[in-house]
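*Asks:* As input, take coords-v9.cif (mmCIF, C-alpha atoms and all ligand atoms):
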data_final
#
loop_
_atom_site.label_atom_id
_atom_site.label_comp_id
_atom_site.auth_asym_id
_atom_site.auth_seq_id
_atom_site.Cartn_x
_atom_site.Cartn_y
_atom_site.Cartn_z
CA PRO A 853 15.88 -11.71 1.53
CA ALA A 854 12.92 -14.08 1.35
CA ASP A 855 11.46 -12.80 4.65
CA VAL A 856 11.25 -9.21 3.44
CA GLU A 857 9.50 -10.42 0.27
CA THR A 858 7.01 -12.69 2.04
CA LEU A 859 6.29 -9.98 4.57
CA GLY A 860 5.89 -7.45 1.74
CA ARG A 861 3.47 -9.56 -0.30
CA SER A 862 1.35 -10.34 2.75
CA THR A 863 1.35 -6.73 3.87
CA TRP A 864 0.36 -5.33 0.46
CA THR A 865 -2.45 -7.91 0.38
CA LEU A 866 -3.69 -6.66 3.74
CA LEU A 867 -3.36 -2.96 2.87
CA HIS A 868 -4.97 -3.19 -0.58
CA SER A 869 -7.75 -5.36 0.90
CA ILE A 870 -8.40 -2.67 3.50
CA ALA A 871 -8.61 -0.12 0.65
CA ALA A 872 -11.05 -2.37 -1.26
CA THR A 873 -13.42 -2.59 1.70
CA TYR A 874 -12.99 0.99 2.97
CA PRO A 875 -16.28 2.96 2.71
CA ARG A 876 -16.97 4.92 -0.46
CA THR A 877 -18.11 7.78 1.78
CA PRO A 878 -16.24 7.38 5.09
CA THR A 879 -17.15 9.45 8.16
CA GLN A 880 -14.62 11.96 9.44
CA SER A 881 -13.78 9.56 12.25
CA GLN A 882 -13.11 6.70 9.80
CA GLN A 883 -10.85 9.02 7.80
CA ASN A 884 -8.94 9.97 10.93
CA ASP A 885 -8.66 6.33 12.00
CA LEU A 886 -7.34 5.15 8.64
CA THR A 887 -4.81 7.98 8.52
CA SER A 888 -3.63 7.12 12.05
CA PHE A 889 -3.50 3.44 11.20
CA ILE A 890 -1.21 4.04 8.21
CA ARG A 891 1.02 6.41 10.21
CA LEU A 892 1.32 3.97 13.11
CA PHE A 893 1.78 1.01 10.77
CA SER A 894 4.74 2.82 9.22
CA LYS A 895 6.43 3.06 12.62
CA PHE A 896 6.14 -0.64 13.41
CA TYR A 897 6.62 -2.28 10.00
CA PRO A 898 9.21 -4.95 10.83
CA CYS A 899 11.55 -4.19 7.92
CA TRP A 900 13.29 -1.13 9.24
CA VAL A 901 14.76 0.22 6.00
CA CYS A 902 11.37 -0.25 4.33
CA ALA A 903 9.66 1.52 7.22
CA GLU A 904 12.05 4.48 7.11
CA ASP A 905 11.47 5.06 3.40
CA PHE A 906 7.71 4.61 3.80
CA GLN A 907 7.65 7.20 6.60
CA GLU A 908 9.49 9.64 4.33
CA TYR A 909 6.99 8.93 1.56
CA ILE A 910 4.07 9.68 3.89
CA GLU A 911 5.64 13.02 4.77
CA LYS A 912 5.97 13.96 1.09
CA GLU A 913 2.68 12.50 -0.14
CA LYS A 914 -0.06 13.23 2.36
CA ILE A 915 -2.24 10.18 3.11
CA LYS A 916 -5.56 10.51 1.27
CA ALA A 917 -8.44 8.84 3.09
CA GLY A 918 -11.40 10.84 1.78
CA SER A 919 -12.99 7.89 -0.03
CA ARG A 920 -12.30 4.30 -1.12
CA ASP A 921 -11.11 5.51 -4.53
CA GLU A 922 -8.93 8.21 -3.07
CA PHE A 923 -7.24 5.86 -0.58
CA GLY A 924 -6.96 3.01 -3.08
CA ASN A 925 -5.19 5.27 -5.56
CA TRP A 926 -2.96 6.80 -2.91
CA LEU A 927 -1.92 3.32 -1.77
CA CYS A 928 -1.37 2.16 -5.34
CA GLU A 929 0.96 5.13 -5.92
CA ALA A 930 2.80 4.38 -2.68
CA HIS A 931 3.23 0.75 -3.79
CA ASN A 932 4.45 1.95 -7.21
CA GLU A 933 7.07 4.08 -5.49
CA VAL A 934 8.42 0.91 -3.86
CA ASN A 935 8.15 -0.96 -7.19
CA ARG A 936 10.29 1.73 -8.83
CA LYS A 937 12.85 1.62 -6.03
CA LEU A 938 13.16 -2.15 -6.44
CA GLY A 939 13.22 -2.05 -10.26
CA LYS A 940 9.86 -3.82 -10.52
CA PRO A 941 7.28 -2.85 -13.15
CA THR A 942 4.77 -0.22 -11.99
CA PHE A 943 1.11 -1.10 -11.72
CA ASP A 944 -1.71 0.63 -13.66
CA CYS A 945 -3.59 2.27 -10.79
CA SER A 946 -6.82 2.51 -12.79
CA ARG A 947 -6.98 -1.27 -12.28
CA TRP A 948 -6.40 -1.54 -8.52
CA GLN A 949 -10.06 -2.37 -7.75
CA GLU A 950 -10.03 -5.03 -10.43
CA ARG A 951 -6.97 -6.60 -8.80
CA TRP A 952 -8.01 -6.26 -5.15
CA LYS A 953 -11.80 -6.19 -5.10
CA THR A 954 -13.23 -7.95 -8.13
CA GLY A 955 -10.16 -10.19 -8.11
CA TRP A 956 -7.96 -11.77 -10.74
CA LYS A 957 -5.36 -14.49 -10.61
CA ASP A 958 -1.68 -13.44 -10.52
P1 LIG B 1 4.47 -7.14 -4.36
O1 LIG B 1 5.14 -5.83 -4.64
O2 LIG B 1 4.49 -7.66 -2.98
O3 LIG B 1 2.96 -7.01 -4.85
C1 LIG B 1 2.00 -8.04 -4.66
C2 LIG B 1 0.97 -7.95 -5.75
O4 LIG B 1 0.36 -6.68 -5.72
C3 LIG B 1 1.56 -8.03 -7.15
O5 LIG B 1 1.68 -9.34 -7.57
C4 LIG B 1 0.56 -7.25 -7.99
O6 LIG B 1 -0.52 -8.07 -8.42
C5 LIG B 1 0.01 -6.24 -7.02
N1 LIG B 1 0.57 -4.91 -7.19
C6 LIG B 1 1.82 -4.55 -7.58
N2 LIG B 1 1.97 -3.23 -7.57
C7 LIG B 1 0.79 -2.72 -7.16
C8 LIG B 1 0.32 -1.40 -6.96
N3 LIG B 1 1.10 -0.33 -7.17
N4 LIG B 1 -0.96 -1.23 -6.54
C9 LIG B 1 -1.77 -2.29 -6.33
N5 LIG B 1 -1.38 -3.56 -6.50
C10 LIG B 1 -0.11 -3.78 -6.92
N6 LIG B 1 11.08 -4.46 -0.13
C11 LIG B 1 12.40 -4.09 -0.21
O7 LIG B 1 13.22 -4.90 -0.63
N7 LIG B 1 12.78 -2.82 0.14
C12 LIG B 1 11.90 -1.89 0.60
O8 LIG B 1 12.29 -0.77 0.94
C13 LIG B 1 10.52 -2.26 0.72
N8 LIG B 1 9.61 -1.39 1.22
C14 LIG B 1 8.33 -1.82 1.43
C15 LIG B 1 7.44 -0.96 2.03
C16 LIG B 1 6.15 -1.38 2.33
C17 LIG B 1 5.20 -0.43 3.00
C18 LIG B 1 5.74 -2.69 2.00
C19 LIG B 1 4.35 -3.17 2.34
C20 LIG B 1 6.63 -3.55 1.38
C21 LIG B 1 7.93 -3.14 1.08
N9 LIG B 1 8.84 -3.99 0.47
C22 LIG B 1 10.15 -3.59 0.34
C23 LIG B 1 8.44 -5.30 -0.08
C24 LIG B 1 8.16 -5.20 -1.59
O9 LIG B 1 7.28 -4.11 -1.88
C25 LIG B 1 7.48 -6.47 -2.16
O10 LIG B 1 6.34 -6.79 -1.38
C26 LIG B 1 8.38 -7.69 -2.24
O11 LIG B 1 9.56 -7.37 -2.95
C27 LIG B 1 7.66 -8.86 -2.97
O12 LIG B 1 7.34 -8.39 -4.27
P2 LIG B 1 6.38 -9.12 -5.28
O13 LIG B 1 7.03 -9.01 -6.62
O14 LIG B 1 5.98 -10.45 -4.80
O15 LIG B 1 5.03 -8.21 -5.38
#
Kindly present the structure from the file in structure tokens form.
*Replies:*
Amino acid sequence: PADVETLGRSTWTLLHSIAATYPRTPTQSQQNDLTSFIRLFSKFYPCWVCAEDFQEYIEKEKIKAGSRDEFGNWLCEAHNEVNRKLGKPTFDCSRWQERWKTGWKD
């Protein structure tokens, strides 16, 4: 449905933008906060099937918040998992900063 898609696009924009501005060398408390944020986000994401699968993914693939690169790549892989599930092309994660920080047009 259109709502799930609009919500998804907006949410990925927010999450990848957070990754792009996350510190290169976060403090322990920033790492804990980001990890909590992602865990809590997964419980309240208002597409319940999406949220359930994302929670399972987080259990399998531990959230990596040790640095901007680490989190950005983790998130890119998580997004690719959803892309695969939906039959969408996967994204080259070596280019996530180019897409979400430096910026290019879709
Ligand atoms: P989107 O997937 O929304 O991506 C937006 C833009 O991000 C793309 O145009 C591309 O430039 C860029 N991009 C694509 N892949 C990556 C990547 N791996 N890393 C970085 N950038 C990338 N929809 C469902 O139908 N079922 C689900 O179970 C489901 N689960 C979701 C779980 C979460 C946590 C989120 C945030 C969304 C979920 N969605 C789900 C929505 C779905 O992922 C898409 O957002 C939606 O289908 C719209 O897709 P889109 O083609 O516009 O591009």
*Asks:* How close does each residue of chain A get to ligand LIG 1 (chain B), giving the shortest atom pair and distance in Å to one decimal for every residue with an atom at most 9 Å away, counting all atoms listed in the file, sorted by chain and residue number, as a tab-separated table?
*Replies:*
residue	atom	partner	partner_atom	distance
A:Pro853	CA	B:LIG1	O7	7.6
A:Ala854	CA	B:LIG1	C27	8.6
A:Val856	CA	B:LIG1	N6	5.9
A:Glu857	CA	B:LIG1	C26	3.9
A:Thr858	CA	B:LIG1	C27	6.3
A:Leu859	CA	B:LIG1	O10	6.8
A:Gly860	CA	B:LIG1	O10	3.2
A:Arg861	CA	B:LIG1	O2	3.4
A:Ser862	CA	B:LIG1	O2	7.1
A:Thr863	CA	B:LIG1	C19	4.9
A:Trp864	CA	B:LIG1	C19	4.9
A:Thr865	CA	B:LIG1	C1	6.7
A:Leu866	CA	B:LIG1	C19	8.9
A:Leu867	CA	B:LIG1	C19	7.7
A:His868	CA	B:LIG1	C9	6.6
A:Phe893	CA	B:LIG1	C17	8.6
A:Ser894	CA	B:LIG1	C17	7.0
A:Tyr897	CA	B:LIG1	C17	7.4
A:Cys899	CA	B:LIG1	N8	7.5
A:Trp900	CA	B:LIG1	O8	8.4
A:Val901	CA	B:LIG1	O8	5.7
A:Cys902	CA	B:LIG1	O8	3.6
A:Ala903	CA	B:LIG1	C15	6.2
A:Glu904	CA	B:LIG1	O8	8.1
A:Asp905	CA	B:LIG1	O8	6.4
A:Phe906	CA	B:LIG1	C17	5.7
A:Gln907	CA	B:LIG1	C17	8.8
A:Gly924	CA	B:LIG1	C9	8.1
A:Asn925	CA	B:LIG1	N4	7.8
A:Leu927	CA	B:LIG1	N4	6.7
A:Cys928	CA	B:LIG1	N4	3.6
A:Glu929	CA	B:LIG1	N3	5.6
A:Ala930	CA	B:LIG1	N3	6.7
A:His931	CA	B:LIG1	N3	4.1
A:Asn932	CA	B:LIG1	N3	4.1
A:Glu933	CA	B:LIG1	N3	7.6
A:Val934	CA	B:LIG1	O9	5.5
A:Asn935	CA	B:LIG1	O9	6.2
A:Lys937	CA	B:LIG1	O8	7.4
A:Leu938	CA	B:LIG1	O7	6.4
A:Lys940	CA	B:LIG1	O13	7.1
A:Pro941	CA	B:LIG1	N2	7.7
A:Thr942	CA	B:LIG1	N2	6.0
A:Phe943	CA	B:LIG1	N3	4.6
A:Asp944	CA	B:LIG1	N3	7.1
A:Cys945	CA	B:LIG1	N4	6.1
A:Arg947	CA	B:LIG1	C9	8.0
A:Trp948	CA	B:LIG1	C9	5.2
A:Gln949	CA	B:LIG1	C9	8.4
A:Arg951	CA	B:LIG1	O6	6.6
A:Trp952	CA	B:LIG1	N5	7.3
A:Trp956	CA	B:LIG1	O6	8.6
A:Lys957	CA	B:LIG1	O6	8.3
A:Asp958	CA	B:LIG1	O6	5.9
*Asks:* Quick one: of A:Glu913, A:Ile890, A:Lys895, A:Gly939, who's nearest to Ile870 of chain A, counting all atoms listed in the file?
*Replies:* A:Ile890
*Asks:* So that I can see what lies close to Pro878 of chain A, please list as a list in words the residues with an atom at most 7 Å from it, counting all atoms listed in the file and leaving out residues fewer than 3 positions away in the same chain.
*Replies:* Pro875, Gln882, Gln883, Gly918 and Ser919 of chain A
*Asks:* Calculate how many Å separate atom CA of Gln880 of chain A from atom CA of Ala917 of chain A, rounding to one decimal.
*Replies:*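 Between these atoms lies a distance of 9.4 Å.
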*Asks:* Take atom CA of Thr877 of chain A and atom CA of Asp921 of chain A and report the distance between them in Å, one decimal.
*Replies:*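 Straight-line distance from atom CA of Thr877 of chain A to atom CA of Asp921 of chain A works out to 9.7 Å.
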*Asks:* Give the answer as one residue: which of A:Lys912, A:Arg891, A:Arg936, A:Arg920 has the shortest atom-to-atom distance to Tyr874 of chain A, using all atoms listed in the file?
*Replies:*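 Looking only at the distances to Tyr874 of chain A, the closest residue turns out to be A:Arg920.
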*Asks:* Would you please work out which residue, of A:Asp855, A:Glu908, A:Ala871, A:Ser946, is nearest to Leu886 of chain A when using only C-alpha atoms?
*Replies:*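 Nearest candidate to Leu886 of chain A out of A:Asp855, A:Glu908, A:Ala871, A:Ser946: A:Ala871.
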*Asks:* Rounded to one decimal in Å, what is the spacing between atom CA of Asn884 of chain A and atom CA of Glu950 of chain A?
*Replies:*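 Between atom CA of Asn884 of chain A and atom CA of Glu950 of chain A the gap works out to 26.1 Å.
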*Asks:* Would you mind putting back N, CA and C atoms on segment 866-897 of chain A, then writing it out as an mmCIF file, in the coordinates of the input?
*Replies:*
data_model
loop_
_atom_site.group_PDB
_atom_site.id
_atom_site.type_symbol
_atom_site.label_atom_id
_atom_site.label_comp_id
_atom_site.auth_asym_id
_atom_site.auth_seq_id
_atom_site.Cartn_x
_atom_site.Cartn_y
_atom_site.Cartn_z
ATOM 1 N N LEU A 866 -2.874 -7.230 2.671
ATOM 2 C CA LEU A 866 -3.690 -6.660 3.740
ATOM 3 C C LEU A 866 -4.064 -5.211 3.428
ATOM 4 N N LEU A 867 -3.086 -4.396 3.065
ATOM 5 C CA LEU A 867 -3.360 -2.960 2.870
ATOM 6 C C LEU A 867 -4.306 -2.722 1.698
ATOM 7 N N HIS A 868 -4.081 -3.401 0.567
ATOM 8 C CA HIS A 868 -4.970 -3.190 -0.580
ATOM 9 C C HIS A 868 -6.367 -3.756 -0.286
ATOM 10 N N SER A 869 -6.437 -4.811 0.515
ATOM 11 C CA SER A 869 -7.750 -5.360 0.900
ATOM 12 C C SER A 869 -8.498 -4.390 1.803
ATOM 13 N N ILE A 870 -7.769 -3.702 2.664
ATOM 14 C CA ILE A 870 -8.400 -2.670 3.500
ATOM 15 C C ILE A 870 -8.946 -1.566 2.585
ATOM 16 N N ALA A 871 -8.152 -1.162 1.586
ATOM 17 C CA ALA A 871 -8.610 -0.120 0.650
ATOM 18 C C ALA A 871 -9.888 -0.579 -0.069
ATOM 19 N N ALA A 872 -9.916 -1.847 -0.479
ATOM 20 C CA ALA A 872 -11.050 -2.370 -1.260
ATOM 21 C C ALA A 872 -12.341 -2.423 -0.455
ATOM 22 N N THR A 873 -12.226 -2.492 0.868
ATOM 23 C CA THR A 873 -13.420 -2.590 1.700
ATOM 24 C C THR A 873 -13.675 -1.306 2.501
ATOM 25 N N TYR A 874 -12.826 -0.317 2.311
ATOM 26 C CA TYR A 874 -12.990 0.990 2.970
ATOM 27 C C TYR A 874 -14.261 1.636 2.398
ATOM 28 N N PRO A 875 -15.039 2.368 3.217
ATOM 29 C CA PRO A 875 -16.280 2.960 2.710
ATOM 30 C C PRO A 875 -16.062 3.914 1.532
ATOM 31 N N ARG A 876 -17.050 3.954 0.645
ATOM 32 C CA ARG A 876 -16.970 4.920 -0.460
ATOM 33 C C ARG A 876 -17.125 6.327 0.084
ATOM 34 N N THR A 877 -17.936 6.467 1.130
ATOM 35 C CA THR A 877 -18.110 7.780 1.780
ATOM 36 C C THR A 877 -17.876 7.621 3.284
ATOM 37 N N PRO A 878 -16.591 7.582 3.681
ATOM 38 C CA PRO A 878 -16.240 7.380 5.090
ATOM 39 C C PRO A 878 -16.629 8.592 5.951
ATOM 40 N N THR A 879 -16.930 8.353 7.211
ATOM 41 C CA THR A 879 -17.150 9.450 8.160
ATOM 42 C C THR A 879 -15.799 10.102 8.453
ATOM 43 N N GLN A 880 -15.852 11.276 9.066
ATOM 44 C CA GLN A 880 -14.620 11.960 9.440
ATOM 45 C C GLN A 880 -13.800 11.081 10.386
ATOM 46 N N SER A 881 -14.497 10.386 11.286
ATOM 47 C CA SER A 881 -13.780 9.560 12.250
ATOM 48 C C SER A 881 -13.111 8.356 11.574
ATOM 49 N N GLN A 882 -13.754 7.790 10.554
ATOM 50 C CA GLN A 882 -13.110 6.700 9.800
ATOM 51 C C GLN A 882 -11.891 7.218 9.043
ATOM 52 N N GLN A 883 -11.996 8.427 8.515
ATOM 53 C CA GLN A 883 -10.850 9.020 7.800
ATOM 54 C C GLN A 883 -9.675 9.250 8.753
ATOM 55 N N ASN A 884 -10.002 9.751 9.938
ATOM 56 C CA ASN A 884 -8.940 9.970 10.930
ATOM 57 C C ASN A 884 -8.309 8.646 11.359
ATOM 58 N N ASP A 885 -9.161 7.647 11.565
ATOM 59 C CA ASP A 885 -8.660 6.330 12.000
ATOM 60 C C ASP A 885 -7.755 5.704 10.950
ATOM 61 N N LEU A 886 -8.168 5.766 9.688
ATOM 62 C CA LEU A 886 -7.340 5.150 8.640
ATOM 63 C C LEU A 886 -6.005 5.872 8.521
ATOM 64 N N THR A 887 -6.050 7.191 8.596
ATOM 65 C CA THR A 887 -4.810 7.980 8.520
ATOM 66 C C THR A 887 -3.884 7.615 9.685
ATOM 67 N N SER A 888 -4.443 7.514 10.887
ATOM 68 C CA SER A 888 -3.630 7.120 12.050
ATOM 69 C C SER A 888 -3.080 5.716 11.882
ATOM 70 N N PHE A 889 -3.931 4.824 11.393
ATOM 71 C CA PHE A 889 -3.500 3.440 11.200
ATOM 72 C C PHE A 889 -2.279 3.369 10.279
ATOM 73 N N ILE A 890 -2.331 4.077 9.161
ATOM 74 C CA ILE A 890 -1.210 4.040 8.210
ATOM 75 C C ILE A 890 0.046 4.657 8.836
ATOM 76 N N ARG A 891 -0.135 5.779 9.546
ATOM 77 C CA ARG A 891 1.020 6.410 10.210
ATOM 78 C C ARG A 891 1.651 5.478 11.240
ATOM 79 N N LEU A 892 0.798 4.858 12.061
ATOM 80 C CA LEU A 892 1.320 3.970 13.110
ATOM 81 C C LEU A 892 1.929 2.716 12.497
ATOM 82 N N PHE A 893 1.253 2.179 11.488
ATOM 83 C CA PHE A 893 1.780 1.010 10.770
ATOM 84 C C PHE A 893 3.205 1.285 10.305
ATOM 85 N N SER A 894 3.428 2.498 9.781
ATOM 86 C CA SER A 894 4.740 2.820 9.220
ATOM 87 C C SER A 894 5.829 2.857 10.297
ATOM 88 N N LYS A 895 5.436 3.020 11.544
ATOM 89 C CA LYS A 895 6.430 3.060 12.620
ATOM 90 C C LYS A 895 6.799 1.677 13.142
ATOM 91 N N PHE A 896 5.914 0.702 12.860
ATOM 92 C CA PHE A 896 6.140 -0.640 13.410
ATOM 93 C C PHE A 896 6.377 -1.700 12.352
ATOM 94 N N TYR A 897 6.421 -1.294 11.068
ATOM 95 C CA TYR A 897 6.620 -2.280 10.000
ATOM 96 C C TYR A 897 7.977 -2.950 10.203
#
